[in-house]
$ cat work.csv   # CSV, C-alpha atoms
chain,number,residue,atom,x,y,z
A,3,MET,CA,-9.5,-3.2,-8.6
A,4,LYS,CA,-8.2,0.1,-7.6
A,5,ILE,CA,-8.0,3.1,-10.1
A,6,PHE,CA,-5.6,5.9,-9.2
A,7,ILE,CA,-6.7,9.3,-10.2
A,8,PRO,CA,-4.1,12.0,-11.1
A,9,THR,CA,-4.1,15.4,-9.5
A,10,PRO,CA,-5.9,17.3,-12.4
A,11,LEU,CA,-8.8,14.8,-12.5
A,12,ARG,CA,-9.5,14.6,-8.8
A,13,PRO,CA,-12.0,17.4,-8.8
A,14,TYR,CA,-14.1,15.3,-11.2
A,15,ALA,CA,-13.9,12.2,-9.0
A,16,GLY,CA,-15.2,13.6,-5.8
A,17,GLY,CA,-11.7,14.8,-4.7
A,18,LYS,CA,-10.6,11.2,-4.4
A,19,ASP,CA,-7.1,10.1,-5.3
A,20,ALA,CA,-8.2,6.5,-5.8
A,21,VAL,CA,-11.4,4.6,-6.5
A,22,GLU,CA,-12.0,1.0,-5.6
A,23,LEU,CA,-14.4,-0.9,-7.8
A,24,GLN,CA,-15.3,-4.3,-9.1
A,25,ALA,CA,-15.3,-5.0,-12.9
A,26,PRO,CA,-14.3,-7.9,-15.2
A,27,THR,CA,-12.1,-5.9,-17.6
A,28,ILE,CA,-10.2,-2.6,-17.8
A,29,ALA,CA,-12.9,-1.2,-20.2
A,30,ALA,CA,-15.6,-2.2,-17.8
A,31,ALA,CA,-13.8,-0.6,-14.9
A,32,LEU,CA,-13.4,2.7,-16.8
A,33,ASP,CA,-17.1,2.5,-17.8
A,34,GLU,CA,-18.1,2.1,-14.2
A,35,LEU,CA,-15.7,4.9,-13.1
A,36,THR,CA,-17.2,7.4,-15.6
A,37,GLN,CA,-20.8,6.3,-14.9
A,38,SER,CA,-20.3,7.2,-11.2
A,39,ASN,CA,-18.3,10.3,-12.1
A,40,PRO,CA,-19.8,11.6,-15.4
A,41,GLU,CA,-17.6,14.7,-15.4
A,42,LEU,CA,-14.5,12.5,-15.9
A,43,ARG,CA,-15.7,11.2,-19.2
A,44,LYS,CA,-14.8,14.2,-21.3
A,45,HIS,CA,-11.4,14.4,-19.7
A,46,LEU,CA,-10.6,10.7,-20.5
A,47,PHE,CA,-12.3,10.0,-23.8
A,48,THR,CA,-12.8,11.7,-27.1
A,49,GLU,CA,-16.4,12.2,-28.5
A,50,GLN,CA,-15.8,9.0,-30.5
A,51,GLY,CA,-15.2,7.2,-27.2
A,52,LYS,CA,-11.5,6.6,-27.7
A,53,VAL,CA,-9.1,7.3,-24.8
A,54,ARG,CA,-7.6,10.7,-25.4
A,55,SER,CA,-4.1,10.6,-27.0
A,56,PHE,CA,-2.4,12.3,-24.0
A,57,VAL,CA,-4.0,10.1,-21.4
A,58,ASN,CA,-1.9,7.1,-20.4
A,59,LEU,CA,-3.4,4.1,-18.7
A,60,TYR,CA,-1.1,1.8,-16.8
A,61,PHE,CA,-2.3,-1.6,-15.7
A,62,ASN,CA,0.0,-2.3,-12.7
A,63,ASP,CA,3.3,-1.3,-14.5
A,64,GLU,CA,2.2,-2.1,-18.0
A,65,ASP,CA,1.0,0.4,-20.6
A,66,VAL,CA,-2.5,-0.7,-21.6
A,67,ARG,CA,-1.8,0.2,-25.3
A,68,TYR,CA,0.7,-2.7,-25.4
A,69,LEU,CA,-1.3,-5.4,-23.6
A,70,PRO,CA,-2.4,-8.1,-26.0
A,71,GLN,CA,-6.0,-7.6,-25.0
A,72,LYS,CA,-5.6,-3.8,-24.4
A,73,GLU,CA,-8.7,-2.4,-22.6
A,74,GLU,CA,-10.4,-5.9,-22.7
A,75,THR,CA,-7.7,-7.3,-20.4
A,76,GLU,CA,-9.3,-9.1,-17.5
A,77,VAL,CA,-8.7,-7.7,-14.0
A,78,SER,CA,-8.7,-9.0,-10.5
A,79,ALA,CA,-9.2,-7.4,-7.1
A,80,ASN,CA,-5.5,-6.8,-6.5
A,81,ASP,CA,-4.8,-5.1,-9.8
A,82,THR,CA,-4.3,-1.4,-10.1
A,83,LEU,CA,-5.0,1.0,-13.0
A,84,THR,CA,-3.2,4.4,-13.0
A,85,ILE,CA,-4.5,7.2,-15.1
A,86,ILE,CA,-1.5,9.5,-15.9
A,87,PRO,CA,-1.6,12.4,-18.4
A,88,SER,CA,1.5,12.8,-20.5
A,89,ILE,CA,4.1,15.4,-19.8
A,90,ALA,CA,6.3,16.9,-22.5
A,91,GLY,CA,7.2,20.2,-24.1
A,92,GLY,CA,10.2,22.2,-25.3
A,93,LEU,CA,11.2,25.3,-27.1
B,18,MET,CA,-3.9,29.8,-6.7
B,19,SER,CA,-1.5,32.6,-7.3
B,20,VAL,CA,1.8,31.6,-5.7
B,21,LEU,CA,4.2,28.7,-5.9
B,22,LEU,CA,5.9,28.3,-2.5
B,23,LEU,CA,9.1,26.3,-2.0
B,24,SER,CA,12.3,26.4,0.0
B,25,ARG,CA,15.6,27.9,-1.2
B,26,GLY,CA,17.1,24.5,-1.3
B,27,LEU,CA,14.5,23.1,-3.6
B,28,TYR,CA,14.5,26.2,-5.8
B,29,ASP,CA,18.3,25.9,-6.2
B,30,GLU,CA,18.0,22.2,-6.9
B,31,LEU,CA,15.7,22.5,-9.8
B,32,ARG,CA,17.8,25.3,-11.3
B,33,ALA,CA,21.0,23.3,-10.8
B,34,HIS,CA,19.5,20.4,-12.7
B,35,GLY,CA,19.2,22.6,-15.8
B,36,GLU,CA,22.8,23.6,-15.5
B,37,GLU,CA,23.9,20.0,-15.2
B,38,THR,CA,22.0,18.9,-18.3
B,39,TYR,CA,22.9,22.0,-20.4
B,40,PRO,CA,22.9,22.2,-23.4
B,41,HIS,CA,20.0,19.7,-23.1
B,42,GLU,CA,16.7,20.3,-21.4
B,43,CYS,CA,16.2,18.9,-17.9
B,44,CYS,CA,12.9,17.9,-16.5
B,45,GLY,CA,11.3,16.7,-13.3
B,46,ALA,CA,8.3,16.7,-11.1
B,47,LEU,CA,7.3,18.9,-8.2
B,48,LEU,CA,5.6,17.2,-5.3
B,49,GLY,CA,3.7,19.0,-2.6
B,50,THR,CA,0.3,20.0,-1.1
B,51,PRO,CA,-2.3,22.5,-2.2
B,52,GLY,CA,-3.0,25.4,0.0
B,53,SER,CA,-5.4,28.3,-0.2
B,54,GLY,CA,-2.8,30.6,-1.8
B,55,GLY,CA,-1.2,28.0,-4.1
B,56,TRP,CA,1.0,24.9,-4.2
B,57,HIS,CA,3.5,24.3,-1.5
B,58,VAL,CA,6.2,22.2,-3.0
B,59,THR,CA,8.2,20.0,-0.6
B,60,LYS,CA,10.0,17.7,-2.9
B,61,VAL,CA,11.7,17.9,-6.3
B,62,VAL,CA,12.1,14.7,-8.2
B,63,ARG,CA,14.4,14.6,-11.2
B,64,ALA,CA,13.3,12.7,-14.2
B,65,GLY,CA,15.0,11.5,-17.3
B,66,ASN,CA,14.4,13.3,-20.6
B,67,THR,CA,13.3,10.6,-23.0
B,68,ARG,CA,13.7,13.0,-26.0
B,69,THR,CA,17.2,11.9,-26.6
B,70,ASP,CA,16.6,12.5,-30.3
B,71,SER,CA,16.2,16.3,-29.7
B,72,ALA,CA,17.1,16.9,-26.1
B,73,HIS,CA,18.4,20.5,-26.7
B,74,ASN,CA,14.9,21.7,-27.5
B,75,ARG,CA,12.4,19.0,-26.3
B,76,TYR,CA,11.6,17.1,-23.2
B,77,SER,CA,9.3,14.3,-22.3
B,78,ILE,CA,9.0,12.2,-19.1
B,79,SER,CA,8.3,8.5,-19.6
B,80,PRO,CA,4.7,7.7,-18.4
B,81,LEU,CA,6.0,4.7,-16.4
B,82,GLU,CA,8.4,7.0,-14.6
B,83,LEU,CA,5.5,9.3,-13.9
B,84,VAL,CA,3.4,6.5,-12.6
B,85,ARG,CA,6.2,5.7,-10.1
B,86,ILE,CA,6.7,9.3,-9.1
B,87,GLU,CA,2.9,9.6,-8.5
B,88,ARG,CA,3.0,6.4,-6.5
B,89,ASP,CA,5.9,7.7,-4.4
B,90,ALA,CA,4.1,11.0,-3.9
B,91,ARG,CA,0.9,9.2,-2.7
B,92,GLN,CA,2.9,7.1,-0.2
B,93,HIS,CA,4.3,10.3,1.3
B,94,GLY,CA,1.0,12.0,1.5
B,95,LEU,CA,1.9,14.4,-1.4
B,96,GLU,CA,0.5,15.2,-4.8
B,97,ILE,CA,2.1,16.0,-8.1
B,98,ALA,CA,1.9,19.8,-7.9
B,99,GLY,CA,3.5,20.3,-11.3
B,100,PHE,CA,6.7,19.9,-13.4
B,101,TYR,CA,9.8,21.8,-14.2
B,102,HIS,CA,12.1,22.0,-17.2
B,103,SER,CA,14.8,24.2,-18.7
B,104,HIS,CA,15.1,26.3,-21.8
B,105,PRO,CA,18.8,26.3,-22.8
B,106,ASP,CA,19.7,29.7,-24.1
B,107,HIS,CA,16.0,30.7,-24.6
B,108,PRO,CA,13.6,32.8,-22.5
B,109,ALA,CA,11.8,31.3,-19.5
B,110,GLN,CA,8.5,31.6,-21.3
B,111,TRP,CA,6.2,28.8,-22.3
B,112,SER,CA,6.4,27.9,-25.9
B,113,LYS,CA,3.7,26.7,-28.4
B,114,THR,CA,5.0,23.1,-27.8
B,115,ASP,CA,4.9,23.6,-24.0
B,116,PHE,CA,1.2,24.7,-24.3
B,117,GLU,CA,0.1,22.0,-26.7
B,118,GLU,CA,1.7,19.3,-24.5
B,119,ALA,CA,0.4,20.6,-21.2
B,120,HIS,CA,-2.4,18.5,-19.8
B,121,TRP,CA,-2.1,18.8,-16.0
B,122,LEU,CA,-4.8,21.3,-15.3
B,123,GLY,CA,-4.5,23.0,-12.0
B,124,CYS,CA,-0.8,22.2,-11.9
B,125,VAL,CA,2.3,24.4,-12.3
B,126,TYR,CA,4.9,24.4,-15.0
B,127,VAL,CA,8.2,25.9,-13.9
B,128,ILE,CA,10.6,27.0,-16.7
B,129,THR,CA,14.2,28.1,-16.1
B,130,THR,CA,16.4,29.8,-18.7
B,131,VAL,CA,19.9,28.3,-18.7
B,132,ALA,CA,22.1,30.8,-20.5
B,133,LYS,CA,25.5,29.5,-21.5
B,134,GLY,CA,25.3,26.9,-18.8
B,135,LYS,CA,24.2,29.2,-16.0
B,136,ALA,CA,20.6,29.2,-14.6
B,137,ASP,CA,19.1,32.6,-15.1
B,138,VAL,CA,15.4,33.5,-15.0
B,139,THR,CA,12.9,31.0,-13.5
B,140,ASN,CA,9.2,31.5,-14.2
B,141,CYS,CA,6.1,29.6,-13.1
B,142,PHE,CA,2.9,29.1,-15.1
B,143,LEU,CA,-0.3,27.6,-13.7
B,144,LEU,CA,-2.3,25.6,-16.2
B,145,SER,CA,-5.7,26.9,-15.5
B,146,GLY,CA,-9.1,26.1,-17.0
B,147,ALA,CA,-11.7,23.5,-16.6
B,148,SER,CA,-10.9,21.4,-19.6
B,149,GLU,CA,-8.4,20.7,-22.3
B,150,GLU,CA,-10.3,23.0,-24.7
B,151,GLU,CA,-10.3,25.9,-22.2
B,152,LYS,CA,-6.8,25.6,-20.8
B,153,GLN,CA,-4.5,28.6,-20.5
B,154,PHE,CA,-1.2,29.4,-18.9
B,155,GLN,CA,-1.3,32.0,-16.2
B,156,ASN,CA,2.0,33.5,-14.9
B,157,ILE,CA,2.2,33.2,-11.2
B,158,SER,CA,4.9,34.3,-8.7
B,159,ILE,CA,7.4,32.0,-7.0
B,160,GLU,CA,7.9,32.6,-3.3
B,161,VAL,CA,11.2,31.2,-2.2
B,162,ARG,CA,11.6,30.8,1.5
B,163,ASP,CA,15.1,30.7,3.1

$ encode --input "work.csv" --output "C-alpha coordinates"
Amino acid sequence: MKIFIPTPLRPYAGGKDAVELQAPTIAAALDELTQSNPELRKHLFTEQGKVRSFVNLYFNDEDVRYLPQKEETEVSANDTLTIIPSIAGGL
Amino acid sequence: MSVLLLSRGLYDELRAHGEETYPHECCGALLGTPGSGGWHVTKVVRAGNTRTDSAHNRYSISPLELVRIERDARQHGLEIAGFYHSHPDHPAQWSKTDFEEAHWLGCVYVITTVAKGKADVTNCFLLSGASEEEKQFQNISIEVRD
(Lines of atoms letter the chains of each structure in order from A and count residues from 1; the text may use other names and numbers.)
(Lines give C-alpha, C1' and ligand atoms only; values in the text may rest on other atoms or scores of the structure.)
Protein backbone atom coordinates (compact mmCIF):
# COMPACT_ATOMS: atom_id res chain seq x y z
CA MET A 1 0.00 0.00 0.00
CA LYS A 2 0.98 3.61 -0.30
CA ILE A 3 1.08 5.96 2.68
CA PHE A 4 0.90 9.68 1.96
CA ILE A 5 2.90 11.88 4.30
CA PRO A 6 1.72 15.45 5.02
CA THR A 7 4.03 18.45 4.62
CA PRO A 8 4.98 18.80 8.33
CA LEU A 9 6.02 15.16 8.67
CA ARG A 10 8.10 14.85 5.52
CA PRO A 11 11.34 15.90 7.24
CA TYR A 12 10.90 12.82 9.45
CA ALA A 13 10.28 10.51 6.48
CA GLY A 14 13.39 11.22 4.49
CA GLY A 15 11.72 14.16 2.75
CA LYS A 16 9.33 11.83 0.94
CA ASP A 17 5.69 12.69 0.29
CA ALA A 18 4.72 9.02 0.02
CA VAL A 19 6.03 5.68 1.18
CA GLU A 20 5.21 2.39 -0.51
CA LEU A 21 5.22 -0.70 1.67
CA GLN A 22 3.71 -4.12 2.10
CA ALA A 23 1.75 -4.94 5.24
CA PRO A 24 -1.35 -7.00 6.10
CA THR A 25 -3.20 -4.30 8.07
CA ILE A 26 -3.23 -0.55 8.63
CA ALA A 27 -1.62 -1.03 12.07
CA ALA A 28 1.14 -3.17 10.59
CA ALA A 29 1.73 -0.60 7.86
CA LEU A 30 2.07 2.19 10.44
CA ASP A 31 4.37 0.00 12.47
CA GLU A 32 6.60 -0.62 9.49
CA LEU A 33 6.53 3.07 8.56
CA THR A 34 7.66 4.15 12.01
CA GLN A 35 10.25 1.41 12.29
CA SER A 36 11.95 2.61 9.14
CA ASN A 37 11.39 6.26 10.14
CA PRO A 38 11.66 6.27 13.96
CA GLU A 39 11.36 10.07 14.24
CA LEU A 40 7.81 9.83 12.91
CA ARG A 41 6.58 7.86 15.90
CA LYS A 42 6.36 10.71 18.40
CA HIS A 43 4.52 12.83 15.85
CA LEU A 44 1.90 10.16 15.18
CA PHE A 45 1.46 8.38 18.50
CA THR A 46 1.14 9.26 22.17
CA GLU A 47 3.49 7.69 24.70
CA GLN A 48 0.71 5.16 25.32
CA GLY A 49 0.86 4.14 21.66
CA LYS A 50 -2.47 5.67 20.63
CA VAL A 51 -2.77 7.75 17.49
CA ARG A 52 -2.60 11.39 18.56
CA SER A 53 -6.02 13.02 18.71
CA PHE A 54 -5.23 15.61 16.04
CA VAL A 55 -3.84 13.07 13.58
CA ASN A 56 -6.43 11.85 11.08
CA LEU A 57 -5.85 8.65 9.16
CA TYR A 58 -7.78 8.14 5.95
CA PHE A 59 -7.89 4.70 4.40
CA ASN A 60 -8.66 5.57 0.78
CA ASP A 61 -11.55 8.01 1.48
CA GLU A 62 -12.63 6.53 4.82
CA ASP A 63 -11.76 7.78 8.29
CA VAL A 64 -10.02 4.86 10.01
CA ARG A 65 -11.81 5.70 13.28
CA TYR A 66 -15.10 4.71 11.66
CA LEU A 67 -13.99 1.52 9.95
CA PRO A 68 -15.46 -1.61 11.61
CA GLN A 69 -11.98 -3.05 12.17
CA LYS A 70 -10.28 0.37 12.62
CA GLU A 71 -6.47 -0.02 12.46
CA GLU A 72 -6.83 -3.78 12.11
CA THR A 73 -8.47 -3.36 8.68
CA GLU A 74 -6.79 -5.52 6.07
CA VAL A 75 -5.08 -3.71 3.23
CA SER A 76 -4.08 -4.56 -0.31
CA ALA A 77 -1.46 -3.21 -2.69
CA ASN A 78 -3.76 -0.65 -4.31
CA ASP A 79 -5.01 0.89 -1.07
CA THR A 80 -3.81 4.24 0.18
CA LEU A 81 -3.47 5.65 3.67
CA THR A 82 -3.32 9.43 4.05
CA ILE A 83 -1.99 10.96 7.24
CA ILE A 84 -3.57 14.38 7.67
CA PRO A 85 -3.29 16.55 10.81
CA SER A 86 -6.44 18.45 11.70
CA ILE A 87 -6.90 22.13 10.95
CA ALA A 88 -9.13 24.32 13.08
CA GLY A 89 -9.10 27.45 15.19
CA GLY A 90 -10.96 30.63 15.87
CA LEU A 91 -11.18 33.67 18.07
CA MET B 1 11.70 30.82 6.36
CA SER B 2 10.79 34.42 6.94
CA VAL B 3 8.53 35.47 4.08
CA LEU B 4 5.28 34.34 2.52
CA LEU B 5 5.30 35.15 -1.16
CA LEU B 6 2.14 35.32 -3.27
CA SER B 7 0.60 37.28 -6.13
CA ARG B 8 -1.72 40.23 -5.72
CA GLY B 9 -4.54 38.17 -7.18
CA LEU B 10 -4.20 35.39 -4.63
CA TYR B 11 -3.79 37.83 -1.77
CA ASP B 12 -6.97 39.63 -2.78
CA GLU B 13 -8.74 36.29 -3.22
CA LEU B 14 -8.17 35.05 0.31
CA ARG B 15 -9.15 38.44 1.75
CA ALA B 16 -12.30 38.57 -0.39
CA HIS B 17 -13.29 35.15 0.93
CA GLY B 18 -13.45 36.60 4.45
CA GLU B 19 -15.67 39.42 3.25
CA GLU B 20 -18.02 36.97 1.56
CA THR B 21 -18.49 34.81 4.65
CA TYR B 22 -18.69 37.73 7.11
CA PRO B 23 -19.88 37.70 9.91
CA HIS B 24 -18.69 34.10 9.83
CA GLU B 25 -15.10 32.92 9.62
CA CYS B 26 -13.80 31.75 6.27
CA CYS B 27 -11.08 29.18 5.83
CA GLY B 28 -9.00 27.57 3.15
CA ALA B 29 -5.66 26.12 2.17
CA LEU B 30 -2.59 27.67 0.58
CA LEU B 31 -0.72 25.52 -1.91
CA GLY B 32 2.76 26.22 -3.13
CA THR B 33 6.41 25.32 -3.01
CA PRO B 34 9.06 25.87 -0.37
CA GLY B 35 11.99 28.14 -1.19
CA SER B 36 15.06 29.26 0.69
CA GLY B 37 13.31 32.44 1.85
CA GLY B 38 9.93 30.93 2.61
CA TRP B 39 6.79 29.52 1.04
CA HIS B 40 5.81 30.63 -2.44
CA VAL B 41 2.03 30.22 -2.65
CA THR B 42 0.65 29.66 -6.14
CA LYS B 43 -2.86 28.46 -5.40
CA VAL B 44 -5.57 29.35 -2.89
CA VAL B 45 -8.20 26.68 -2.24
CA ARG B 46 -11.39 27.66 -0.46
CA ALA B 47 -12.72 25.20 2.09
CA GLY B 48 -16.01 24.91 3.89
CA ASN B 49 -16.18 25.84 7.55
CA THR B 50 -17.61 22.79 9.30
CA ARG B 51 -18.18 24.74 12.55
CA THR B 52 -21.69 25.76 11.56
CA ASP B 53 -22.59 25.67 15.27
CA SER B 54 -20.29 28.63 15.98
CA ALA B 55 -19.07 29.92 12.62
CA HIS B 56 -18.72 33.52 13.86
CA ASN B 57 -15.77 32.61 16.07
CA ARG B 58 -14.59 29.11 15.09
CA TYR B 59 -13.45 27.34 11.96
CA SER B 60 -12.58 23.81 11.07
CA ILE B 61 -11.88 22.09 7.77
CA SER B 62 -13.22 18.58 7.25
CA PRO B 63 -10.33 16.07 7.23
CA LEU B 64 -11.75 14.45 4.10
CA GLU B 65 -11.75 17.81 2.33
CA LEU B 66 -8.14 18.21 3.46
CA VAL B 67 -7.27 14.79 2.06
CA ARG B 68 -8.71 15.84 -1.29
CA ILE B 69 -6.93 19.21 -1.21
CA GLU B 70 -3.66 17.45 -0.41
CA ARG B 71 -4.23 14.95 -3.23
CA ASP B 72 -4.94 17.76 -5.68
CA ALA B 73 -1.81 19.60 -4.54
CA ARG B 74 0.35 16.52 -5.06
CA GLN B 75 -1.04 15.98 -8.55
CA HIS B 76 -0.02 19.52 -9.44
CA GLY B 77 3.45 19.22 -7.94
CA LEU B 78 2.51 21.48 -5.02
CA GLU B 79 2.46 21.13 -1.26
CA ILE B 80 0.13 22.41 1.42
CA ALA B 81 2.05 25.51 2.49
CA GLY B 82 -0.49 26.51 5.09
CA PHE B 83 -3.98 27.75 5.74
CA TYR B 84 -5.92 30.96 6.02
CA HIS B 85 -8.93 32.08 7.98
CA SER B 86 -10.65 35.31 8.99
CA HIS B 87 -11.32 36.98 12.32
CA PRO B 88 -14.60 38.88 11.96
CA ASP B 89 -14.32 42.15 13.89
CA HIS B 90 -11.26 40.94 15.79
CA PRO B 91 -7.51 41.58 15.40
CA ALA B 92 -5.49 39.57 12.89
CA GLN B 93 -3.56 37.90 15.69
CA TRP B 94 -3.52 34.24 16.54
CA SER B 95 -5.73 33.29 19.44
CA LYS B 96 -5.32 30.67 22.14
CA THR B 97 -7.67 28.44 20.14
CA ASP B 98 -5.66 29.01 16.95
CA PHE B 99 -2.50 27.96 18.76
CA GLU B 100 -3.96 24.91 20.46
CA GLU B 101 -5.46 23.70 17.18
CA ALA B 102 -2.36 24.36 15.06
CA HIS B 103 -0.52 21.17 14.15
CA TRP B 104 1.03 21.83 10.74
CA LEU B 105 4.63 22.49 11.81
CA GLY B 106 6.61 24.39 9.22
CA CYS B 107 3.44 25.71 7.59
CA VAL B 108 1.92 29.18 7.64
CA TYR B 109 -1.33 30.40 9.14
CA VAL B 110 -2.69 33.56 7.54
CA ILE B 111 -5.28 35.56 9.46
CA THR B 112 -7.31 38.47 8.10
CA THR B 113 -9.36 40.88 10.15
CA VAL B 114 -12.70 41.53 8.52
CA ALA B 115 -14.05 44.72 10.11
CA LYS B 116 -17.73 45.37 9.51
CA GLY B 117 -17.57 43.29 6.36
CA LYS B 118 -14.37 44.78 4.90
CA ALA B 119 -11.03 42.98 4.87
CA ASP B 120 -8.53 44.97 6.91
CA VAL B 121 -5.19 43.76 8.30
CA THR B 122 -3.76 40.44 7.11
CA ASN B 123 -0.97 38.80 9.09
CA CYS B 124 1.00 35.62 8.59
CA PHE B 125 2.34 33.29 11.27
CA LEU B 126 4.75 30.43 10.74
CA LEU B 127 4.21 27.46 13.05
CA SER B 128 7.80 26.71 13.95
CA GLY B 129 9.36 24.12 16.25
CA ALA B 130 10.39 20.51 15.93
CA SER B 131 7.45 18.97 17.74
CA GLU B 132 3.96 19.59 19.08
CA GLU B 133 5.44 20.29 22.52
CA GLU B 134 7.90 22.88 21.18
CA LYS B 135 5.67 24.62 18.66
CA GLN B 136 5.37 28.39 18.50
CA PHE B 137 3.90 30.97 16.18
CA GLN B 138 6.39 33.31 14.55
CA ASN B 139 5.16 36.46 12.83
CA ILE B 140 6.51 36.59 9.28
CA SER B 141 6.05 39.12 6.53
CA ILE B 142 3.85 38.73 3.48
CA GLU B 143 5.38 39.76 0.18
CA VAL B 144 2.68 40.53 -2.38
CA ARG B 145 3.85 40.69 -5.96
CA ASP B 146 1.84 42.58 -8.57

$ interface_residues --input "work.csv" --of "chain B" --to "chain A" --cutoff "9 Å" --atoms "all atoms listed in the file" --output "PyMOL selection string"
chain B and resi 42+44+72-81+83-85+87+91+96-98+100+102-105+107+110-124+148-149

$ residues_around --input "work.csv" --residues "segment 26-38 of chain B" --least-positions-apart "5" --cutoff "8 Å" --atoms "only C-alpha atoms" --output "tab-separated table (two decimals) with C-alpha atoms, keeping the file's coordinate frame"
chain	number	residue	atom	x	y	z
B	43	CYS	CA	16.20	18.90	-17.90
B	44	CYS	CA	12.90	17.90	-16.50
B	59	THR	CA	8.20	20.00	-0.60
B	60	LYS	CA	10.00	17.70	-2.90
B	61	VAL	CA	11.70	17.90	-6.30
B	63	ARG	CA	14.40	14.60	-11.20
B	101	TYR	CA	9.80	21.80	-14.20
B	102	HIS	CA	12.10	22.00	-17.20
B	103	SER	CA	14.80	24.20	-18.70
B	105	PRO	CA	18.80	26.30	-22.80
B	129	THR	CA	14.20	28.10	-16.10
B	131	VAL	CA	19.90	28.30	-18.70
B	134	GLY	CA	25.30	26.90	-18.80
B	135	LYS	CA	24.20	29.20	-16.00
B	136	ALA	CA	20.60	29.20	-14.60
B	139	THR	CA	12.90	31.00	-13.50
B	161	VAL	CA	11.20	31.20	-2.20
B	163	ASP	CA	15.10	30.70	3.10

$ residues_around --input "work.csv" --residues "segment 71-78 of chain A" --least-positions-apart "3" --cutoff "6 Å" --atoms "all atoms listed in the file" --output "list in words"
Pro26, Thr27, Ile28, Ala29, Val66, Arg67 and Asp81 of chain A

$ atom_distance --input "work.csv" --atom1 "atom CA of Phe142 of chain B" --atom2 "atom CA of Gly55 of chain B"
11.8 Å

$ closest_residue --input "work.csv" --among "A:Leu35, A:Val53, A:Leu69, A:Ala79" --to "Ala15 of chain A" --atoms "all atoms listed in the file"
A:Leu35

$ atom_distance --input "work.csv" --atom1 "atom CA of Trp56 of chain B" --atom2 "atom CA of Tyr14 of chain A"
19.2 Å

$ atom_distance --input "work.csv" --atom1 "atom CA of Gly99 of chain B" --atom2 "atom CA of Val127 of chain B"
7.8 Å

$ residues_around --input "work.csv" --residues "Glu82 of chain B" --least-positions-apart "6" --cutoff "10 Å" --atoms "all atoms listed in the file" --output "list in words"
Asp63 of chain A; Ala64, Gly65 and Arg88 of chain B
